[in-house]
Amino acid sequence: MSEFSLFFGLGLEHILDVNGYDHILFVIALCAIYSAQQWKNVLVLVTAFTLGHSLTLALSTLDIIKVDSGLVEFLIPITIFVTAAANIYKKDAEVSNKSVKLNYWFAAFFGLIHGMGFSNYLKSLLGKDESIVTQLLAFNLGLEVGQIVIILAVMVAAFLFMSAGSVKKRDWILVISSAVAGISLTMIIESKFW
């Protein structure tokens, strides 16, 4: 197996690992407000998140920036909670162009925080490797593909519940976002940062 495919697989496995469900929850919260017909918006949104986390993943892995891992592990569930809470308090179930653009900026900013969380895992894999460009690229691509898998699952579930199950979009958003917010609140409390 080539080094590229090894790190691609590790990135894919890392994002889809149910034991590391914080990243799964964040992606679910990001795409909960979108319907299956808005899949292009969701892909752009998650790519904005990927760009953010790719930047800090690279900078953290290369030790250009250093942030206390306890702080990062506290901030990650905060980003999940804020995203889910924003979904809950949104009055209209339809996503306007203005809110889509704002969501992209939030996703990119929150991606910066998540990238620092990914970096601890990647650093442990790399050891003392000098050249990490290939590994970083492969790992990021694996993460992106994993996020797309999560998006597809959420979009299919949304379609089935809203079309076949005749669940209203606003009800879908409230149930999914409330569940994610509740789980992330537990994670915040358990992070023991304070």
# chains A, B, ... in the order shown; residues from 1 in each chain; ligands from 1
$ residues_around --residues "A:Tyr89" --least-positions-apart "3" --cutoff "10 Å" --atoms "only C-alpha atoms" --output "PDB file with N, CA, C and O atoms, in the first residue's frame"
ATOM      1  N   ALA A  84     -25.603  23.837  16.040  1.00  0.00           N
ATOM      2  CA  ALA A  84     -26.913  23.216  16.277  1.00  0.00           C
ATOM      3  C   ALA A  84     -27.901  24.229  16.846  1.00  0.00           C
ATOM      4  O   ALA A  84     -29.072  24.277  16.432  1.00  0.00           O
ATOM      5  N   ALA A  85     -27.447  25.060  17.787  1.00  0.00           N
ATOM      6  CA  ALA A  85     -28.329  26.070  18.387  1.00  0.00           C
ATOM      7  C   ALA A  85     -28.774  27.095  17.348  1.00  0.00           C
ATOM      8  O   ALA A  85     -29.942  27.520  17.348  1.00  0.00           O
ATOM      9  N   ALA A  86     -27.882  27.478  16.447  1.00  0.00           N
ATOM     10  CA  ALA A  86     -28.248  28.417  15.378  1.00  0.00           C
ATOM     11  C   ALA A  86     -29.334  27.804  14.494  1.00  0.00           C
ATOM     12  O   ALA A  86     -30.265  28.500  14.068  1.00  0.00           O
ATOM     13  N   ASP A  92     -37.031  30.638  10.042  1.00  0.00           N
ATOM     14  CA  ASP A  92     -37.538  30.108   8.779  1.00  0.00           C
ATOM     15  C   ASP A  92     -36.808  28.819   8.437  1.00  0.00           C
ATOM     16  O   ASP A  92     -35.590  28.736   8.581  1.00  0.00           O
ATOM     17  N   LEU A 174     -35.419  20.789  13.869  1.00  0.00           N
ATOM     18  CA  LEU A 174     -35.510  20.860  15.334  1.00  0.00           C
ATOM     19  C   LEU A 174     -35.069  19.558  15.998  1.00  0.00           C
ATOM     20  O   LEU A 174     -34.316  19.588  16.974  1.00  0.00           O
ATOM     21  N   SER A 177     -31.132  18.920  15.180  1.00  0.00           N
ATOM     22  CA  SER A 177     -30.297  19.930  15.835  1.00  0.00           C
ATOM     23  C   SER A 177     -30.386  19.862  17.353  1.00  0.00           C
ATOM     24  O   SER A 177     -29.388  20.077  18.045  1.00  0.00           O
TER      25      SER A 177
END
$ residues_around --residues "A:Asn103" --least-positions-apart "4" --cutoff "12 Å" --atoms "only C-alpha atoms" --output "list in words"
Ala29, Leu30, Cys31, Ile33, Tyr34, Asn41, Val42, Val44, Leu45, Val46, Thr47, Ala48, Phe49, Val82, Thr83, Ala86, Asn87, Val95, Ser96, Asn97, Lys98, Ser99, Ala107, Ala108, Phe109, Phe110 and Gly111 of chain A
$ atom_distance --atom1 "atom CA of A:Leu71" --atom2 "atom CA of A:Gly182"
20.2 Å
$ residues_around --residues "stretch 123-125 of chain A" --least-positions-apart "3" --cutoff "8 Å" --atoms "only C-alpha atoms" --output "PDB file with N, CA and C atoms, in the first residue's frame"
ATOM      1  N   THR A  61       0.426  20.666  12.698  1.00  0.00           N
ATOM      2  CA  THR A  61       1.256  19.483  12.491  1.00  0.00           C
ATOM      3  C   THR A  61       2.719  19.877  12.304  1.00  0.00           C
ATOM      4  N   SER A 119      -4.943  17.611  14.249  1.00  0.00           N
ATOM      5  CA  SER A 119      -3.478  17.624  14.201  1.00  0.00           C
ATOM      6  C   SER A 119      -2.841  16.724  15.250  1.00  0.00           C
ATOM      7  N   ASN A 120      -3.445  16.622  16.420  1.00  0.00           N
ATOM      8  CA  ASN A 120      -2.876  15.744  17.454  1.00  0.00           C
ATOM      9  C   ASN A 120      -2.836  14.296  16.972  1.00  0.00           C
TER      10      ASN A 120
END
$ residues_around --residues "A:His23" --least-positions-apart "4" --cutoff "12 Å" --atoms "only C-alpha atoms" --output "compact mmCIF listing (two decimals) with N, CA, C and O atoms, in the first residue's frame"
# COMPACT_ATOMS: atom_id res chain seq x y z
N GLY A 11 -7.36 9.16 7.17
CA GLY A 11 -8.24 10.34 7.25
C GLY A 11 -9.70 9.94 7.15
O GLY A 11 -10.54 10.42 7.91
N LEU A 12 -10.00 9.03 6.23
CA LEU A 12 -11.36 8.53 6.05
C LEU A 12 -11.84 7.82 7.31
O LEU A 12 -12.94 8.07 7.82
N GLU A 13 -10.99 6.97 7.83
CA GLU A 13 -11.33 6.21 9.04
C GLU A 13 -11.51 7.14 10.24
O GLU A 13 -12.40 6.94 11.05
N HIS A 14 -10.66 8.16 10.32
CA HIS A 14 -10.72 9.08 11.46
C HIS A 14 -12.05 9.84 11.49
O HIS A 14 -12.66 9.97 12.55
N ILE A 15 -12.52 10.31 10.35
CA ILE A 15 -13.76 11.09 10.33
C ILE A 15 -14.98 10.19 10.53
O ILE A 15 -15.99 10.61 11.09
N LEU A 16 -14.91 8.94 10.09
CA LEU A 16 -16.05 8.04 10.18
C LEU A 16 -16.05 7.19 11.45
O LEU A 16 -16.99 6.42 11.67
N ASP A 17 -15.02 7.32 12.27
CA ASP A 17 -14.92 6.54 13.49
C ASP A 17 -15.99 6.99 14.49
O ASP A 17 -16.01 8.15 14.91
N VAL A 18 -16.89 6.07 14.85
CA VAL A 18 -17.97 6.45 15.77
C VAL A 18 -17.46 6.80 17.16
O VAL A 18 -18.15 7.47 17.93
N ASN A 19 -16.23 6.38 17.49
CA ASN A 19 -15.65 6.77 18.78
C ASN A 19 -15.21 8.23 18.78
O ASN A 19 -15.10 8.84 19.83
N VAL A 27 -20.64 17.75 11.28
CA VAL A 27 -21.08 17.68 9.89
C VAL A 27 -22.60 17.53 9.82
O VAL A 27 -23.26 18.16 8.99
N ILE A 28 -23.17 16.73 10.72
CA ILE A 28 -24.63 16.59 10.77
C ILE A 28 -25.28 17.94 11.07
O ILE A 28 -26.26 18.33 10.42
N ALA A 29 -24.74 18.67 12.05
CA ALA A 29 -25.29 19.99 12.39
C ALA A 29 -25.17 20.96 11.22
O ALA A 29 -26.08 21.75 10.96
N LEU A 30 -24.04 20.90 10.51
CA LEU A 30 -23.85 21.79 9.37
C LEU A 30 -24.91 21.58 8.30
O LEU A 30 -25.41 22.53 7.72
N VAL A 46 -19.28 22.23 3.37
CA VAL A 46 -18.33 21.31 3.98
C VAL A 46 -16.93 21.51 3.42
O VAL A 46 -15.94 21.34 4.13
N PHE A 49 -15.45 24.25 5.40
CA PHE A 49 -14.98 23.67 6.66
C PHE A 49 -13.63 22.96 6.44
O PHE A 49 -12.70 23.13 7.22
N THR A 50 -13.53 22.21 5.35
CA THR A 50 -12.28 21.49 5.03
C THR A 50 -11.13 22.46 4.82
O THR A 50 -10.01 22.20 5.28
N HIS A 53 -10.04 23.65 8.28
CA HIS A 53 -9.31 22.67 9.09
C HIS A 53 -8.02 22.24 8.42
O HIS A 53 -7.06 21.88 9.10
N GLU A 73 -10.02 20.68 22.63
CA GLU A 73 -11.05 19.66 22.91
C GLU A 73 -12.28 20.27 23.59
O GLU A 73 -13.36 19.69 23.52
N ILE A 76 -14.11 22.41 20.38
CA ILE A 76 -14.77 21.62 19.34
C ILE A 76 -16.25 21.39 19.67
O ILE A 76 -17.11 21.67 18.83
N PRO A 77 -16.60 20.90 20.87
CA PRO A 77 -18.04 20.75 21.13
C PRO A 77 -18.79 22.09 21.21
O PRO A 77 -19.98 22.14 20.96
N THR A 79 -18.25 24.54 19.09
CA THR A 79 -18.61 24.82 17.70
C THR A 79 -19.81 23.98 17.27
O THR A 79 -20.66 24.45 16.52
N ILE A 80 -19.87 22.76 17.76
CA ILE A 80 -21.00 21.88 17.44
C ILE A 80 -22.28 22.45 18.05
O ILE A 80 -23.31 22.55 17.38
N PHE A 110 -14.95 27.61 12.05
CA PHE A 110 -15.01 26.44 12.94
C PHE A 110 -14.08 25.34 12.45
O PHE A 110 -13.55 24.58 13.25
N GLY A 111 -13.85 25.29 11.15
CA GLY A 111 -12.88 24.34 10.60
C GLY A 111 -11.47 24.60 11.14
O GLY A 111 -10.71 23.66 11.36
N ILE A 113 -10.71 25.52 14.10
CA ILE A 113 -10.65 24.91 15.43
C ILE A 113 -10.55 23.39 15.30
O ILE A 113 -9.72 22.75 15.94
N HIS A 114 -11.36 22.81 14.44
CA HIS A 114 -11.35 21.35 14.27
C HIS A 114 -10.03 20.85 13.72
O HIS A 114 -9.58 19.76 14.06
N GLY A 115 -9.39 21.65 12.88
CA GLY A 115 -8.09 21.26 12.32
C GLY A 115 -7.03 21.06 13.39
O GLY A 115 -6.19 20.17 13.29
N GLY A 117 -7.66 19.98 16.32
CA GLY A 117 -8.00 18.70 16.94
C GLY A 117 -7.50 17.53 16.11
O GLY A 117 -6.97 16.55 16.64
N PHE A 118 -7.64 17.64 14.79
CA PHE A 118 -7.14 16.60 13.89
C PHE A 118 -5.62 16.48 13.99
O PHE A 118 -5.05 15.41 13.82
N LEU A 143 -10.42 12.82 4.90
CA LEU A 143 -11.41 13.51 5.73
C LEU A 143 -12.56 14.04 4.89
O LEU A 143 -13.73 13.91 5.26
N GLU A 144 -12.23 14.65 3.75
CA GLU A 144 -13.27 15.23 2.88
C GLU A 144 -14.21 14.15 2.35
O GLU A 144 -15.43 14.32 2.37
N GLY A 146 -14.83 11.28 3.75
CA GLY A 146 -15.61 10.84 4.90
C GLY A 146 -16.75 11.79 5.21
O GLY A 146 -17.88 11.36 5.52
N GLN A 147 -16.50 13.08 5.10
CA GLN A 147 -17.55 14.08 5.33
C GLN A 147 -18.64 13.94 4.28
O GLN A 147 -19.83 14.07 4.59
N ILE A 150 -20.93 11.17 5.23
CA ILE A 150 -21.86 11.60 6.29
C ILE A 150 -22.97 12.45 5.69
O ILE A 150 -24.16 12.28 6.01
N ILE A 151 -22.60 13.38 4.81
CA ILE A 151 -23.59 14.25 4.16
C ILE A 151 -24.61 13.42 3.39
O ILE A 151 -25.81 13.65 3.48
N VAL A 180 -28.23 16.92 18.45
CA VAL A 180 -26.80 17.27 18.34
C VAL A 180 -26.42 18.26 19.44
O VAL A 180 -25.36 18.13 20.07
N SER A 184 -23.65 17.60 22.34
CA SER A 184 -22.48 18.50 22.43
C SER A 184 -22.41 19.18 23.79
O SER A 184 -21.32 19.43 24.30
$ decode --residues "stretch 107-137 of chain A" --atoms "N, CA and C atoms" --output "mmCIF file, in the first residue's frame"
data_model
loop_
_atom_site.group_PDB
_atom_site.id
_atom_site.type_symbol
_atom_site.label_atom_id
_atom_site.label_comp_id
_atom_site.auth_asym_id
_atom_site.auth_seq_id
_atom_site.Cartn_x
_atom_site.Cartn_y
_atom_site.Cartn_z
ATOM 1 N N ALA A 107 -18.491 28.001 8.902
ATOM 2 C CA ALA A 107 -17.927 26.660 8.680
ATOM 3 C C ALA A 107 -16.410 26.738 8.536
ATOM 4 N N ALA A 108 -15.921 27.716 7.787
ATOM 5 C CA ALA A 108 -14.468 27.868 7.617
ATOM 6 C C ALA A 108 -13.799 28.213 8.949
ATOM 7 N N PHE A 109 -14.420 29.125 9.712
ATOM 8 C CA PHE A 109 -13.849 29.510 11.001
ATOM 9 C C PHE A 109 -13.843 28.331 11.969
ATOM 10 N N PHE A 110 -14.954 27.609 12.052
ATOM 11 C CA PHE A 110 -15.014 26.442 12.936
ATOM 12 C C PHE A 110 -14.078 25.344 12.455
ATOM 13 N N GLY A 111 -13.851 25.289 11.150
ATOM 14 C CA GLY A 111 -12.879 24.342 10.603
ATOM 15 C C GLY A 111 -11.475 24.603 11.137
ATOM 16 N N LEU A 112 -11.145 25.875 11.359
ATOM 17 C CA LEU A 112 -9.834 26.213 11.939
ATOM 18 C C LEU A 112 -9.660 25.530 13.297
ATOM 19 N N ILE A 113 -10.713 25.525 14.096
ATOM 20 C CA ILE A 113 -10.654 24.906 15.425
ATOM 21 C C ILE A 113 -10.548 23.387 15.300
ATOM 22 N N HIS A 114 -11.363 22.807 14.442
ATOM 23 C CA HIS A 114 -11.350 21.349 14.271
ATOM 24 C C HIS A 114 -10.026 20.852 13.718
ATOM 25 N N GLY A 115 -9.387 21.651 12.878
ATOM 26 C CA GLY A 115 -8.088 21.258 12.318
ATOM 27 C C GLY A 115 -7.034 21.063 13.386
ATOM 28 N N MET A 116 -7.104 21.883 14.426
ATOM 29 C CA MET A 116 -6.145 21.716 15.525
ATOM 30 C C MET A 116 -6.412 20.416 16.280
ATOM 31 N N GLY A 117 -7.665 19.983 16.316
ATOM 32 C CA GLY A 117 -8.001 18.703 16.940
ATOM 33 C C GLY A 117 -7.502 17.533 16.113
ATOM 34 N N PHE A 118 -7.640 17.642 14.786
ATOM 35 C CA PHE A 118 -7.140 16.595 13.894
ATOM 36 C C PHE A 118 -5.615 16.478 13.993
ATOM 37 N N SER A 119 -4.943 17.611 14.249
ATOM 38 C CA SER A 119 -3.478 17.624 14.201
ATOM 39 C C SER A 119 -2.841 16.724 15.250
ATOM 40 N N ASN A 120 -3.445 16.622 16.420
ATOM 41 C CA ASN A 120 -2.876 15.744 17.454
ATOM 42 C C ASN A 120 -2.836 14.296 16.972
ATOM 43 N N TYR A 121 -3.916 13.880 16.322
ATOM 44 C CA TYR A 121 -3.993 12.523 15.783
ATOM 45 C C TYR A 121 -2.945 12.334 14.684
ATOM 46 N N LEU A 122 -2.869 13.315 13.765
ATOM 47 C CA LEU A 122 -1.935 13.196 12.647
ATOM 48 C C LEU A 122 -0.484 13.231 13.121
ATOM 49 N N LYS A 123 -0.176 14.077 14.083
ATOM 50 C CA LYS A 123 1.195 14.128 14.622
ATOM 51 C C LYS A 123 1.619 12.779 15.177
ATOM 52 N N SER A 124 0.706 12.118 15.869
ATOM 53 C CA SER A 124 1.053 10.814 16.443
ATOM 54 C C SER A 124 1.321 9.785 15.351
ATOM 55 N N LEU A 125 0.695 9.948 14.202
ATOM 56 C CA LEU A 125 0.924 9.024 13.084
ATOM 57 C C LEU A 125 2.232 9.302 12.361
ATOM 58 N N LEU A 126 2.574 10.574 12.252
ATOM 59 C CA LEU A 126 3.736 10.967 11.456
ATOM 60 C C LEU A 126 5.060 10.732 12.172
ATOM 61 N N GLY A 127 5.058 10.809 13.470
ATOM 62 C CA GLY A 127 6.314 10.656 14.191
ATOM 63 C C GLY A 127 7.260 11.789 13.853
ATOM 64 N N LYS A 128 8.455 11.452 13.389
ATOM 65 C CA LYS A 128 9.460 12.477 13.104
ATOM 66 C C LYS A 128 9.686 12.653 11.616
ATOM 67 N N ASP A 129 8.700 12.335 10.778
ATOM 68 C CA ASP A 129 8.833 12.538 9.332
ATOM 69 C C ASP A 129 9.148 13.996 9.039
ATOM 70 N N GLU A 130 10.074 14.204 8.129
ATOM 71 C CA GLU A 130 10.453 15.568 7.743
ATOM 72 C C GLU A 130 9.500 16.122 6.680
ATOM 73 N N SER A 131 9.213 15.327 5.666
ATOM 74 C CA SER A 131 8.351 15.758 4.579
ATOM 75 C C SER A 131 6.952 15.207 4.807
ATOM 76 N N ILE A 132 6.006 16.108 5.007
ATOM 77 C CA ILE A 132 4.656 15.647 5.345
ATOM 78 C C ILE A 132 3.601 16.126 4.350
ATOM 79 N N VAL A 133 4.011 16.702 3.234
ATOM 80 C CA VAL A 133 3.055 17.271 2.285
ATOM 81 C C VAL A 133 2.118 16.191 1.744
ATOM 82 N N THR A 134 2.677 15.084 1.300
ATOM 83 C CA THR A 134 1.863 14.001 0.748
ATOM 84 C C THR A 134 0.909 13.452 1.797
ATOM 85 N N GLN A 135 1.423 13.251 3.003
ATOM 86 C CA GLN A 135 0.592 12.706 4.072
ATOM 87 C C GLN A 135 -0.554 13.664 4.428
ATOM 88 N N LEU A 136 -0.247 14.973 4.508
ATOM 89 C CA LEU A 136 -1.276 15.967 4.817
ATOM 90 C C LEU A 136 -2.359 15.995 3.744
ATOM 91 N N LEU A 137 -1.933 16.001 2.485
ATOM 92 C CA LEU A 137 -2.890 16.033 1.388
ATOM 93 C C LEU A 137 -3.779 14.792 1.421
#
